[in-house]
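Colleague: You'll find start.cif just under this line, and it carries mmCIF, C-alpha atoms.
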```
data_coords
loop_
_atom_site.label_atom_id
_atom_site.label_comp_id
_atom_site.auth_asym_id
_atom_site.auth_seq_id
_atom_site.Cartn_x
_atom_site.Cartn_y
_atom_site.Cartn_z
CA MET Y 1453 -82.38 58.23 -48.91
CA GLY Y 1454 -84.60 59.10 -51.84
CA PRO Y 1455 -86.89 56.81 -53.87
CA LEU Y 1456 -84.29 56.11 -56.59
CA LYS Y 1457 -81.77 54.56 -54.20
CA GLY Y 1458 -80.05 51.63 -55.90
CA ILE Y 1459 -80.37 53.09 -59.41
CA ARG Y 1460 -77.11 53.87 -61.20
CA ILE Y 1461 -77.12 56.44 -64.01
CA LEU Y 1462 -74.24 57.70 -66.16
CA GLU Y 1463 -74.29 61.32 -67.29
CA LEU Y 1464 -72.25 62.40 -70.30
CA VAL Y 1465 -71.58 65.88 -68.99
CA GLY Y 1466 -72.79 68.79 -71.08
CA ILE Y 1467 -74.22 72.15 -70.09
CA GLY Y 1468 -77.59 73.33 -68.80
CA PRO Y 1469 -80.52 70.92 -68.98
CA GLY Y 1470 -78.47 67.70 -68.95
CA PRO Y 1471 -76.73 68.40 -65.64
CA PHE Y 1472 -80.07 69.67 -64.30
CA ALA Y 1473 -81.73 66.35 -65.14
CA GLY Y 1474 -78.85 64.58 -63.43
CA MET Y 1475 -79.26 66.74 -60.35
CA MET Y 1476 -82.96 65.91 -60.16
CA LEU Y 1477 -82.18 62.19 -60.31
CA ALA Y 1478 -79.32 62.45 -57.81
CA ASP Y 1479 -81.55 64.40 -55.41
CA MET Y 1480 -83.96 61.45 -55.54
CA GLY Y 1481 -81.23 59.04 -54.45
CA ALA Y 1482 -79.90 57.70 -57.75
CA GLU Y 1483 -76.16 57.13 -58.00
CA LEU Y 1484 -75.16 59.68 -60.64
CA ILE Y 1485 -71.77 59.27 -62.25
CA ALA Y 1486 -70.72 62.30 -64.27
CA ILE Y 1487 -68.53 61.37 -67.23
CA ASP Y 1488 -66.28 64.41 -67.59
CA ARG Y 1489 -63.61 65.19 -70.16
CA PRO Y 1490 -59.99 65.12 -68.96
CA GLY Y 1491 -58.00 68.31 -69.08
CA PRO Y 1492 -58.54 71.93 -68.03
CA ALA Y 1493 -62.02 73.38 -67.55
CA SER Y 1494 -63.76 74.85 -70.59
CA PRO Y 1495 -64.85 78.52 -70.62
CA MET Y 1496 -68.47 77.35 -70.23
CA GLU Y 1497 -67.81 75.51 -66.96
CA MET Y 1498 -68.75 77.29 -63.72
CA LYS Y 1499 -66.63 77.13 -60.60
CA VAL Y 1500 -69.77 76.69 -58.50
CA ASP Y 1501 -72.29 74.48 -60.31
CA ILE Y 1502 -75.28 73.47 -58.20
CA ASN Y 1503 -76.39 71.04 -60.92
CA ARG Y 1504 -73.39 68.85 -60.06
CA ARG Y 1505 -74.47 68.31 -56.45
CA GLY Y 1506 -74.79 64.77 -55.13
CA LYS Y 1507 -72.85 63.23 -58.04
CA ARG Y 1508 -69.54 61.45 -58.48
CA SER Y 1509 -67.17 62.20 -61.34
CA ILE Y 1510 -64.87 60.20 -63.58
CA ALA Y 1511 -62.83 61.90 -66.29
CA LEU Y 1512 -62.53 59.78 -69.45
CA ASP Y 1513 -61.15 60.54 -72.90
CA LEU Y 1514 -63.90 58.98 -75.00
CA LYS Y 1515 -61.96 59.69 -78.17
CA SER Y 1516 -59.44 57.06 -77.10
CA LYS Y 1517 -59.89 53.31 -77.29
CA GLU Y 1518 -59.04 52.97 -73.60
CA GLY Y 1519 -61.54 55.66 -72.57
CA ARG Y 1520 -64.33 54.06 -74.60
CA SER Y 1521 -63.53 50.65 -73.14
CA ALA Y 1522 -63.73 52.05 -69.60
CA PHE Y 1523 -67.03 53.75 -70.42
CA LEU Y 1524 -68.56 50.53 -71.74
CA LYS Y 1525 -67.35 48.74 -68.62
CA LEU Y 1526 -69.25 51.28 -66.49
CA CYS Y 1527 -72.33 50.76 -68.68
CA GLU Y 1528 -72.42 47.09 -67.75
CA SER Y 1529 -73.54 47.93 -64.21
CA ALA Y 1530 -75.67 50.98 -65.02
CA ASP Y 1531 -79.45 51.20 -65.26
CA ALA Y 1532 -79.34 54.18 -67.59
CA LEU Y 1533 -77.17 56.79 -69.23
CA PHE Y 1534 -77.92 60.05 -70.97
CA GLU Y 1535 -76.22 62.48 -73.31
CA GLY Y 1536 -77.07 65.76 -75.00
CA PHE Y 1537 -74.83 65.83 -78.06
CA ARG Y 1538 -75.93 66.41 -81.64
CA PRO Y 1539 -77.29 63.31 -83.41
CA GLY Y 1540 -74.53 61.02 -84.63
CA VAL Y 1541 -71.79 62.18 -82.26
CA MET Y 1542 -71.99 59.14 -79.98
CA GLU Y 1543 -72.29 56.78 -82.97
CA LYS Y 1544 -69.03 58.17 -84.39
CA LEU Y 1545 -67.35 57.32 -81.10
CA GLY Y 1546 -68.74 53.79 -81.25
CA LEU Y 1547 -70.86 54.52 -78.19
CA GLY Y 1548 -74.33 54.90 -79.68
CA PRO Y 1549 -77.38 53.02 -78.40
CA ASP Y 1550 -76.67 49.88 -80.44
CA ASP Y 1551 -73.10 49.71 -79.11
CA VAL Y 1552 -74.06 50.29 -75.48
CA LEU Y 1553 -77.00 47.87 -75.57
CA LYS Y 1554 -74.58 45.15 -76.66
CA ALA Y 1555 -72.62 45.76 -73.46
CA ASN Y 1556 -75.80 45.90 -71.36
CA PRO Y 1557 -79.08 44.82 -72.99
CA LYS Y 1558 -81.09 46.25 -70.07
CA ILE Y 1559 -79.69 49.77 -70.13
CA VAL Y 1560 -81.90 52.80 -70.89
CA TYR Y 1561 -80.15 55.26 -73.22
CA GLY Y 1562 -81.44 58.82 -72.90
CA ARG Y 1563 -80.78 61.32 -75.69
CA MET Y 1564 -81.74 64.97 -75.36
CA THR Y 1565 -81.43 67.58 -78.09
CA GLY Y 1566 -83.28 70.70 -79.11
CA TRP Y 1567 -84.85 69.34 -82.28
CA GLY Y 1568 -84.82 65.57 -81.67
CA GLN Y 1569 -82.80 62.80 -83.30
CA THR Y 1570 -84.58 63.02 -86.67
CA GLY Y 1571 -86.08 65.65 -88.93
CA PRO Y 1572 -84.62 68.37 -91.18
CA LEU Y 1573 -83.42 70.48 -88.23
CA SER Y 1574 -82.02 67.62 -86.16
CA LYS Y 1575 -78.36 68.38 -86.87
CA THR Y 1576 -78.56 72.17 -86.81
CA ALA Y 1577 -77.56 74.38 -83.89
CA GLY Y 1578 -80.11 76.11 -81.70
CA HIS Y 1579 -80.93 77.26 -78.21
CA ASP Y 1580 -83.96 77.37 -75.93
CA ILE Y 1581 -85.41 80.47 -77.60
CA ASN Y 1582 -85.37 78.74 -80.99
CA TYR Y 1583 -86.99 75.55 -79.73
CA ILE Y 1584 -89.86 77.32 -77.99
CA ALA Y 1585 -90.28 79.52 -81.05
CA LEU Y 1586 -90.96 76.48 -83.23
CA SER Y 1587 -93.25 74.82 -80.67
CA GLY Y 1588 -95.50 77.88 -80.48
CA ALA Y 1589 -94.78 78.55 -76.81
CA LEU Y 1590 -92.78 81.75 -77.35
CA HIS Y 1591 -95.44 83.39 -79.51
CA ALA Y 1592 -97.87 83.37 -76.59
CA MET Y 1593 -95.55 85.21 -74.18
CA GLY Y 1594 -95.47 88.98 -73.90
CA PRO Y 1595 -97.71 92.02 -74.41
CA LYS Y 1596 -99.88 92.33 -77.49
CA ASP Y 1597 -98.17 95.50 -78.70
CA ALA Y 1598 -94.55 94.30 -78.39
CA PRO Y 1599 -92.38 91.38 -79.47
CA PRO Y 1600 -92.65 88.06 -77.61
CA VAL Y 1601 -90.66 87.95 -74.37
CA ALA Y 1602 -88.11 85.21 -73.69
CA PRO Y 1603 -89.03 83.42 -70.40
CA LEU Y 1604 -85.37 82.92 -69.42
CA ASN Y 1605 -84.47 79.45 -70.70
CA LEU Y 1606 -86.85 77.63 -68.41
CA VAL Y 1607 -89.50 76.45 -70.88
CA GLY Y 1608 -87.34 74.72 -73.50
CA ASP Y 1609 -84.10 73.75 -71.78
CA TYR Y 1610 -85.39 72.88 -68.34
CA GLY Y 1611 -89.13 72.21 -68.58
CA GLY Y 1612 -89.26 70.73 -72.08
CA GLY Y 1613 -85.77 69.24 -71.91
CA GLY Y 1614 -84.31 68.39 -68.51
CA MET Y 1615 -87.57 67.52 -66.79
CA MET Y 1616 -88.80 65.47 -69.76
CA LEU Y 1617 -85.47 63.63 -69.84
CA SER Y 1618 -85.56 62.74 -66.15
CA PHE Y 1619 -89.21 61.64 -66.50
CA GLY Y 1620 -88.40 59.57 -69.58
CA LEU Y 1621 -85.43 57.87 -67.91
CA VAL Y 1622 -87.48 56.83 -64.89
CA CYS Y 1623 -90.21 55.50 -67.20
CA GLY Y 1624 -87.63 53.57 -69.22
CA ILE Y 1625 -85.99 52.13 -66.12
CA LEU Y 1626 -89.35 50.93 -64.78
CA GLU Y 1627 -90.23 49.31 -68.11
CA ALA Y 1628 -86.83 47.61 -68.35
CA LYS Y 1629 -87.31 46.02 -64.94
CA THR Y 1630 -90.46 44.37 -66.32
CA SER Y 1631 -89.31 43.48 -69.83
CA GLY Y 1632 -85.62 42.92 -69.15
CA LYS Y 1633 -84.86 45.02 -72.23
CA GLY Y 1634 -83.35 48.49 -72.54
CA GLN Y 1635 -84.11 51.07 -75.21
CA ALA Y 1636 -83.22 54.53 -76.44
CA ILE Y 1637 -85.23 57.64 -75.49
CA ASP Y 1638 -85.42 60.59 -77.88
CA VAL Y 1639 -86.10 63.83 -75.96
CA SER Y 1640 -86.75 66.93 -78.07
CA MET Y 1641 -86.87 70.26 -76.26
CA ALA Y 1642 -89.13 71.62 -78.98
CA GLU Y 1643 -91.59 68.76 -78.49
CA GLY Y 1644 -91.23 68.93 -74.72
CA SER Y 1645 -92.14 72.62 -74.69
CA SER Y 1646 -95.01 71.83 -77.04
CA ALA Y 1647 -96.34 69.27 -74.55
CA LEU Y 1648 -96.27 71.99 -71.88
CA MET Y 1649 -98.67 73.96 -74.11
CA SER Y 1650 -101.37 71.28 -74.08
CA ILE Y 1651 -103.76 73.32 -71.91
CA PHE Y 1652 -103.64 76.17 -74.42
CA HIS Y 1653 -104.39 73.83 -77.31
CA SER Y 1654 -107.40 72.69 -75.28
CA MET Y 1655 -108.52 76.26 -74.64
CA LEU Y 1656 -108.17 77.11 -78.33
CA ALA Y 1657 -110.22 74.04 -79.30
CA ASN Y 1658 -112.93 75.17 -76.87
CA HIS Y 1659 -112.92 78.71 -78.32
CA ARG Y 1660 -111.56 80.09 -75.06
CA TRP Y 1661 -108.31 81.41 -76.50
CA ALA Y 1662 -107.98 84.14 -79.09
CA PRO Y 1663 -105.16 83.38 -81.57
CA MET Y 1664 -103.15 86.45 -80.61
CA ARG Y 1665 -100.89 87.49 -77.76
CA GLY Y 1666 -101.72 89.53 -74.69
CA VAL Y 1667 -105.52 89.45 -74.82
CA ASN Y 1668 -106.30 86.14 -73.15
CA LEU Y 1669 -106.99 84.77 -69.70
CA LEU Y 1670 -103.44 83.73 -68.78
CA ASP Y 1671 -101.19 85.85 -71.01
CA GLY Y 1672 -101.69 89.23 -69.37
CA GLY Y 1673 -104.87 90.14 -71.21
CA ALA Y 1674 -107.14 89.76 -68.19
CA HIS Y 1675 -106.98 92.46 -65.52
CA PHE Y 1676 -107.11 89.87 -62.75
CA TYR Y 1677 -104.09 87.87 -63.91
CA GLY Y 1678 -100.86 89.77 -64.20
CA THR Y 1679 -98.14 91.80 -62.53
CA PHE Y 1680 -98.41 95.29 -61.11
CA GLU Y 1681 -96.10 97.97 -59.75
CA THR Y 1682 -96.51 99.35 -56.23
CA SER Y 1683 -96.01 102.95 -55.11
CA ASP Y 1684 -92.46 102.22 -53.90
CA GLY Y 1685 -91.29 100.63 -57.15
CA HIS Y 1686 -91.74 96.98 -56.23
CA TYR Y 1687 -93.93 94.48 -58.07
CA VAL Y 1688 -96.70 92.09 -57.11
CA SER Y 1689 -98.46 89.19 -58.77
CA PHE Y 1690 -102.24 88.97 -58.89
CA GLY Y 1691 -104.17 85.93 -60.11
CA ALA Y 1692 -107.79 86.09 -58.92
CA ILE Y 1693 -109.21 84.11 -61.85
CA GLU Y 1694 -112.23 82.63 -60.09
CA PRO Y 1695 -114.96 85.16 -59.19
CA HIS Y 1696 -115.03 84.17 -55.52
CA PHE Y 1697 -111.30 84.92 -55.25
CA MET Y 1698 -111.80 88.26 -56.98
CA GLN Y 1699 -114.57 88.99 -54.49
CA VAL Y 1700 -112.05 88.65 -51.67
CA PHE Y 1701 -109.89 91.31 -53.33
CA ILE Y 1702 -112.90 93.55 -53.84
CA ASP Y 1703 -113.95 93.20 -50.21
CA LYS Y 1704 -110.43 93.88 -48.93
CA THR Y 1705 -109.91 96.95 -51.10
CA GLY Y 1706 -113.45 98.34 -51.04
CA LEU Y 1707 -113.88 98.32 -54.81
CA ASP Y 1708 -117.26 98.91 -56.42
CA SER Y 1709 -119.38 95.82 -57.12
CA ARG Y 1710 -119.33 96.59 -60.87
CA TRP Y 1711 -115.95 94.86 -60.95
CA MET Y 1712 -117.66 91.51 -60.48
CA GLN Y 1713 -120.24 92.27 -63.18
CA ASN Y 1714 -117.47 92.57 -65.75
CA HIS Y 1715 -115.08 89.99 -64.34
CA LEU Y 1716 -115.26 87.59 -67.31
CA ASN Y 1717 -116.05 90.15 -70.01
CA PRO Y 1718 -112.90 90.41 -72.19
CA GLY Y 1719 -114.20 93.63 -73.73
CA GLU Y 1720 -113.89 95.34 -70.35
CA TRP Y 1721 -110.50 93.89 -69.39
CA PRO Y 1722 -108.29 96.68 -70.82
CA ALA Y 1723 -110.15 99.42 -68.96
CA LEU Y 1724 -110.26 97.42 -65.73
CA LYS Y 1725 -106.57 96.63 -66.03
CA ALA Y 1726 -105.75 100.33 -66.37
CA GLU Y 1727 -107.75 101.03 -63.21
CA LEU Y 1728 -106.14 98.16 -61.37
CA THR Y 1729 -102.71 99.44 -62.35
CA GLU Y 1730 -103.45 102.72 -60.59
CA ILE Y 1731 -104.96 100.93 -57.60
CA PHE Y 1732 -101.82 98.88 -57.01
CA LYS Y 1733 -99.71 102.04 -57.38
CA SER Y 1734 -101.64 103.60 -54.50
CA LYS Y 1735 -99.91 101.51 -51.83
CA THR Y 1736 -96.42 100.30 -50.97
CA LEU Y 1737 -95.50 96.65 -51.20
CA GLU Y 1738 -95.57 96.36 -47.42
CA GLU Y 1739 -99.05 97.87 -47.28
CA TRP Y 1740 -100.32 95.42 -49.90
CA GLN Y 1741 -98.80 92.53 -47.99
CA GLN Y 1742 -100.43 93.64 -44.76
CA LEU Y 1743 -103.77 93.83 -46.57
CA LEU Y 1744 -103.65 90.66 -48.68
CA ASP Y 1745 -101.10 88.20 -47.29
CA GLY Y 1746 -102.80 85.07 -46.01
CA THR Y 1747 -106.06 85.74 -47.86
CA ASP Y 1748 -107.61 84.00 -50.88
CA ALA Y 1749 -107.08 87.05 -53.08
CA CYS Y 1750 -104.40 85.12 -55.02
CA PHE Y 1751 -101.71 87.67 -54.27
CA ALA Y 1752 -97.95 87.32 -53.77
CA PRO Y 1753 -95.02 89.74 -53.84
CA ILE Y 1754 -92.62 89.30 -56.75
CA LEU Y 1755 -89.30 88.39 -55.14
CA PRO Y 1756 -85.83 88.34 -56.70
CA PHE Y 1757 -84.72 84.71 -56.76
CA TRP Y 1758 -81.78 85.56 -54.52
CA GLU Y 1759 -84.19 86.82 -51.84
CA ALA Y 1760 -86.90 84.16 -52.10
CA TYR Y 1761 -85.40 82.17 -49.22
CA LYS Y 1762 -86.34 85.00 -46.83
CA HIS Y 1763 -90.09 84.60 -47.27
CA PRO Y 1764 -91.75 83.04 -44.20
CA HIS Y 1765 -93.49 80.34 -46.27
CA ASN Y 1766 -90.22 79.24 -47.87
CA GLN Y 1767 -88.50 79.28 -44.50
CA ALA Y 1768 -91.26 77.24 -42.85
CA ARG Y 1769 -91.00 74.54 -45.53
CA GLU Y 1770 -87.20 74.74 -45.72
CA SER Y 1771 -87.52 75.26 -49.46
CA PHE Y 1772 -83.92 76.41 -49.68
CA ILE Y 1773 -80.82 74.78 -48.25
CA GLU Y 1774 -77.13 75.57 -47.94
CA VAL Y 1775 -74.52 73.15 -49.24
CA ASP Y 1776 -70.86 74.05 -48.84
CA GLY Y 1777 -71.92 77.60 -48.03
CA VAL Y 1778 -73.97 78.02 -51.21
CA ARG Y 1779 -77.69 78.72 -50.87
CA GLN Y 1780 -79.78 76.75 -53.37
CA PRO Y 1781 -83.21 75.19 -53.94
CA ALA Y 1782 -83.92 72.11 -51.85
CA PRO Y 1783 -84.72 68.78 -53.55
CA THR Y 1784 -88.25 68.50 -54.85
CA PRO Y 1785 -90.78 66.85 -54.91
CA ARG Y 1786 -91.05 65.56 -51.35
CA PHE Y 1787 -91.88 62.02 -50.26
CA SER Y 1788 -93.39 60.93 -46.96
CA ARG Y 1789 -91.08 57.95 -46.50
CA THR Y 1790 -88.14 57.93 -48.92
CA GLU Y 1791 -87.03 61.47 -48.29
CA PRO Y 1792 -84.75 63.02 -50.95
CA GLU Y 1793 -81.53 64.62 -49.80
CA VAL Y 1794 -78.38 66.29 -51.07
CA THR Y 1795 -75.57 64.01 -49.96
CA HIS Y 1796 -72.75 66.40 -50.85
CA GLY Y 1797 -71.89 69.45 -52.92
CA PRO Y 1798 -70.88 69.65 -56.59
CA ALA Y 1799 -68.76 66.77 -57.86
CA VAL Y 1800 -65.15 67.72 -58.49
CA LYS Y 1801 -64.10 66.82 -61.99
CA GLY Y 1802 -62.37 63.42 -62.00
CA ALA Y 1803 -62.36 63.11 -58.20
CA ASP Y 1804 -63.77 59.58 -58.26
CA THR Y 1805 -61.96 58.25 -61.33
CA ASP Y 1806 -59.66 55.81 -59.54
CA GLU Y 1807 -62.36 54.44 -57.23
CA LEU Y 1808 -64.89 53.92 -60.02
CA LEU Y 1809 -62.38 52.19 -62.27
CA LYS Y 1810 -61.22 49.99 -59.41
CA ASN Y 1811 -64.84 49.01 -58.72
CA ALA Y 1812 -65.23 48.22 -62.43
CA GLY Y 1813 -62.35 45.72 -62.21
CA TYR Y 1814 -59.30 47.76 -63.22
CA SER Y 1815 -56.05 47.10 -61.38
CA ALA Y 1816 -53.98 49.84 -59.80
CA GLU Y 1817 -51.36 49.36 -62.53
CA ASP Y 1818 -53.98 49.70 -65.28
CA ILE Y 1819 -55.36 52.87 -63.72
CA GLN Y 1820 -51.91 54.41 -63.40
CA HIS Y 1821 -51.16 53.57 -67.04
CA LEU Y 1822 -54.37 55.26 -68.17
CA ARG Y 1823 -53.47 58.30 -66.10
CA ASP Y 1824 -49.91 58.44 -67.43
CA THR Y 1825 -51.16 58.35 -71.01
CA GLY Y 1826 -53.79 61.05 -70.42
CA LYS Y 1827 -56.73 58.75 -71.12
CA ILE Y 1828 -58.27 59.55 -67.72
CA GLY Y 1829 -58.12 62.57 -65.44
#
```
I'd like the structure from this file rewritten - as structure tokens, please.
Modeller:
Amino acid sequence: MGPLKGIRILELVGIGPGPFAGMMLADMGAELIAIDRPGPASPMEMKVDINRRGKRSIALDLKSKEGRSAFLKLCESADALFEGFRPGVMEKLGLGPDDVLKANPKIVYGRMTGWGQTGPLSKTAGHDINYIALSGALHAMGPKDAPPVAPLNLVGDYGGGGMMLSFGLVCGILEAKTSGKGQAIDVSMAEGSSALMSIFHSMLANHRWAPMRGVNLLDGGAHFYGTFETSDGHYVSFGAIEPHFMQVFIDKTGLDSRWMQNHLNPGEWPALKAELTEIFKSKTLEEWQQLLDGTDACFAPILPFWEAYKHPHNQARESFIEVDGVRQPAPTPRFSRTEPEVTHGPAVKGADTDELLKNAGYSAEDIQHLRDTGKIG
């Protein structure tokens, strides 16, 4: 069992980065209880949702007095909970941090939104692309002669949001075990994505980053760091930043030594990139793999995510697993002793309601009454 065994966390089920954070914590061995809404599935819910793996589910109507009472009862034995609603929503239900900390003074209350709990934008709608726009991350992505390119919703929702939330919860839980006091955590996806940009702030401060897109070391400006098409229409990644790695590529391909003379000369990068584009188009993907796989040329084929499991490296490390017939990423990171694992597939909405309420002290009659009145599902 993973390193978080013995930790109980309640997840107020939302979409995207919240369930992802819960999955990360469940993969590490935490007992994750998904608090679902009773009733039919919403249009946003997916029939197969990998982010629900390893969790249990209870369906509660938090708009009802009985549902709120049951929720607070669950909070009494929890180490943490988290939600991703707009600021003020949980307070209106009487389930904000102050209310929950009265029920359990040691609980850690995670709150994740795009803009944060305060500020002029805090109560306005937005999505990943808006959050990374305001943090400055989006501006840096894409070619210099075209609009910025959205990097899926990985940077704001999942990197700046879900990962920061799971990190913050673990930090809060550790602190509470020392102080005996819980607290609220304010996770802003905009600020989280800004934190991910710290290296670029450092490079700018050291005059190693031009304040424009597509001309720098890591944004596609350098010829030795980018993506290229092969002769058979596939794509490869190339990242020989350090000169000694570039030398490996030069030796393998028989390029002229002048390439090394201009390796770190930004004025020569556009011309070298044009040449390199033609060089990569001279061979098929298989030919490039035969030439560069297993070398220090910093080369890798660009694989569709649905085919990544086939690569020998991913197979050797068992980087992908199957759960209930669905292929998916394996838990990460890995530990030498407390090995993470996926205990079961996605939690079925409300499947554990009766058991969890019984464990919280509810009688069979009370549970049946709640079910009859639609307060649980």
Colleague: Where does the PyMOL selection byres ((chain Y and resi 1796) around 7) land in this file, that is, which residues does it pick, as a PyMOL selection string?
Modeller: chain Y and resi 1505-1506+1794-1795+1797-1798
Colleague: Just to be explicit: take each residue in the selection above, keep C-alpha atoms, and write the result as a JSON list (two decimals), keeping the file's coordinate frame.
Modeller:
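Below is the file result_39.json, written as the result:
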```
[["chain", "number", "residue", "atom", "x", "y", "z"],
["Y", 1505, "ARG", "CA", -74.47, 68.31, -56.45],
["Y", 1506, "GLY", "CA", -74.79, 64.77, -55.13],
["Y", 1794, "VAL", "CA", -78.38, 66.29, -51.07],
["Y", 1795, "THR", "CA", -75.57, 64.01, -49.96],
["Y", 1797, "GLY", "CA", -71.89, 69.45, -52.92],
["Y", 1798, "PRO", "CA", -70.88, 69.65, -56.59]]
```
Colleague: Range 1458-1473 of chain Y: which residues within 6 Å, counting all atoms listed in the file, same-chain residues fewer than 6 positions away excluded, as a ChimeraX atom specification?
Modeller: /Y:1482-1488,1503,1530-1535,1609-1610,1614,1618
Colleague: Could you give me, as a tab-separated table (two decimals) with C-alpha atoms, in the coordinates of the input, the residues within 12 Å of Glu1727 in chain Y, counting all atoms listed in the file and dropping anything in the same chain fewer than 2 positions from it?
Modeller:
```tsv
chain	number	residue	atom	x	y	z
Y	1675	HIS	CA	-106.98	92.46	-65.52
Y	1676	PHE	CA	-107.11	89.87	-62.75
Y	1680	PHE	CA	-98.41	95.29	-61.11
Y	1707	LEU	CA	-113.88	98.32	-54.81
Y	1708	ASP	CA	-117.26	98.91	-56.42
Y	1711	TRP	CA	-115.95	94.86	-60.95
Y	1720	GLU	CA	-113.89	95.34	-70.35
Y	1721	TRP	CA	-110.50	93.89	-69.39
Y	1722	PRO	CA	-108.29	96.68	-70.82
Y	1723	ALA	CA	-110.15	99.42	-68.96
Y	1724	LEU	CA	-110.26	97.42	-65.73
Y	1725	LYS	CA	-106.57	96.63	-66.03
Y	1729	THR	CA	-102.71	99.44	-62.35
Y	1730	GLU	CA	-103.45	102.72	-60.59
Y	1731	ILE	CA	-104.96	100.93	-57.60
Y	1732	PHE	CA	-101.82	98.88	-57.01
Y	1733	LYS	CA	-99.71	102.04	-57.38
Y	1734	SER	CA	-101.64	103.60	-54.50
```
Colleague: When you count all atoms listed in the file, which of these residues is closest to Asn1582 in chain Y: Y:Gly1546, Y:Pro1785, Y:Gly1672, Y:Gly1566?
Modeller: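 The closest residue to Asn1582 in chain Y is Y:Gly1566.
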Colleague: Specify as a PyMOL selection string each residue included when the PyMOL selection byres ((chain Y and resi 1508-1522) around 7) is applied to this file.
Modeller: chain Y and resi 1484-1490+1507+1523-1526+1545+1799-1805+1827-1829
Colleague: Evaluating the PyMOL selection byres ((chain Y and resi 1665) around 12) on the displayed file yields which residues, as a VMD selection string?
Modeller: chain Y and resid 1588 to 1601 1661 to 1664 1666 to 1674
Colleague: Select, from Y:Ser1587, Y:Thr1630, Y:Gln1699, Y:Asn1714, the residue with the minimum atom-to-atom distance to Val1607 in chain Y, counting all atoms listed in the file.
Modeller: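 Counting all atoms listed in the file, the residue closest to Val1607 in chain Y is Y:Ser1587.
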Colleague: As a VMD selection string, please: the residues near Gln1741 in chain Y (cut-off 9 Å, all atoms listed in the file, same-chain neighbours under 5 positions excluded).
Modeller: chain Y and resid 1736 1746 1751 to 1753
Colleague: For a test of reading the model, state the distance in Å between CA of Ala1577 in chain Y and CA of Thr1565 in chain Y, rounded to one decimal.
Modeller: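 So the answer is 9.7 Å.
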Colleague: Which one is closest to Ile1559 in chain Y: Y:Gly1624, Y:Gly1540, Y:Gly1571, Y:Gly1578? Count only C-alpha atoms.
Modeller: Y:Gly1624
Colleague: If you measure from CA of Tyr1583 in chain Y to CA of Gly1608 in chain Y, what distance in Å do you get, rounded to one decimal?
Modeller: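 Separation of CA of Tyr1583 in chain Y and CA of Gly1608 in chain Y: 6.3 Å.
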Colleague: Calculate how many Å separate CA of Ala1647 in chain Y from CA of Leu1617 in chain Y, rounding to one decimal.
Modeller: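 Distance between the two atoms: 13.1 Å.
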Colleague: Taking N, CA, C and O atoms as the atom set, what does range 1519-1527 of chain Y look like once completed, written as a PDB file, in the coordinates of the input?
Modeller:
```pdb
ATOM      1  N   GLY Y1519     -60.444  54.925 -73.209  1.00  0.00           N
ATOM      2  CA  GLY Y1519     -61.540  55.660 -72.570  1.00  0.00           C
ATOM      3  C   GLY Y1519     -62.888  55.060 -72.919  1.00  0.00           C
ATOM      4  O   GLY Y1519     -63.769  54.932 -72.060  1.00  0.00           O
ATOM      5  N   ARG Y1520     -63.061  54.680 -74.186  1.00  0.00           N
ATOM      6  CA  ARG Y1520     -64.330  54.060 -74.600  1.00  0.00           C
ATOM      7  C   ARG Y1520     -64.519  52.709 -73.929  1.00  0.00           C
ATOM      8  O   ARG Y1520     -65.636  52.351 -73.522  1.00  0.00           O
ATOM      9  N   SER Y1521     -63.443  51.960 -73.796  1.00  0.00           N
ATOM     10  CA  SER Y1521     -63.530  50.650 -73.140  1.00  0.00           C
ATOM     11  C   SER Y1521     -63.943  50.810 -71.681  1.00  0.00           C
ATOM     12  O   SER Y1521     -64.788  50.045 -71.175  1.00  0.00           O
ATOM     13  N   ALA Y1522     -63.378  51.806 -71.008  1.00  0.00           N
ATOM     14  CA  ALA Y1522     -63.730  52.050 -69.600  1.00  0.00           C
ATOM     15  C   ALA Y1522     -65.193  52.478 -69.488  1.00  0.00           C
ATOM     16  O   ALA Y1522     -65.908  52.064 -68.565  1.00  0.00           O
ATOM     17  N   PHE Y1523     -65.638  53.294 -70.432  1.00  0.00           N
ATOM     18  CA  PHE Y1523     -67.030  53.750 -70.420  1.00  0.00           C
ATOM     19  C   PHE Y1523     -67.980  52.576 -70.570  1.00  0.00           C
ATOM     20  O   PHE Y1523     -68.973  52.453 -69.831  1.00  0.00           O
ATOM     21  N   LEU Y1524     -67.705  51.694 -71.524  1.00  0.00           N
ATOM     22  CA  LEU Y1524     -68.560  50.530 -71.740  1.00  0.00           C
ATOM     23  C   LEU Y1524     -68.554  49.608 -70.523  1.00  0.00           C
ATOM     24  O   LEU Y1524     -69.567  48.967 -70.216  1.00  0.00           O
ATOM     25  N   LYS Y1525     -67.431  49.549 -69.838  1.00  0.00           N
ATOM     26  CA  LYS Y1525     -67.350  48.740 -68.620  1.00  0.00           C
ATOM     27  C   LYS Y1525     -68.286  49.311 -67.555  1.00  0.00           C
ATOM     28  O   LYS Y1525     -68.978  48.554 -66.849  1.00  0.00           O
ATOM     29  N   LEU Y1526     -68.332  50.636 -67.442  1.00  0.00           N
ATOM     30  CA  LEU Y1526     -69.250  51.280 -66.490  1.00  0.00           C
ATOM     31  C   LEU Y1526     -70.703  51.034 -66.891  1.00  0.00           C
ATOM     32  O   LEU Y1526     -71.576  50.879 -66.041  1.00  0.00           O
ATOM     33  N   CYS Y1527     -70.959  50.986 -68.191  1.00  0.00           N
ATOM     34  CA  CYS Y1527     -72.330  50.760 -68.680  1.00  0.00           C
ATOM     35  C   CYS Y1527     -72.865  49.396 -68.269  1.00  0.00           C
ATOM     36  O   CYS Y1527     -74.077  49.219 -68.114  1.00  0.00           O
TER      37      CYS Y1527
END
```
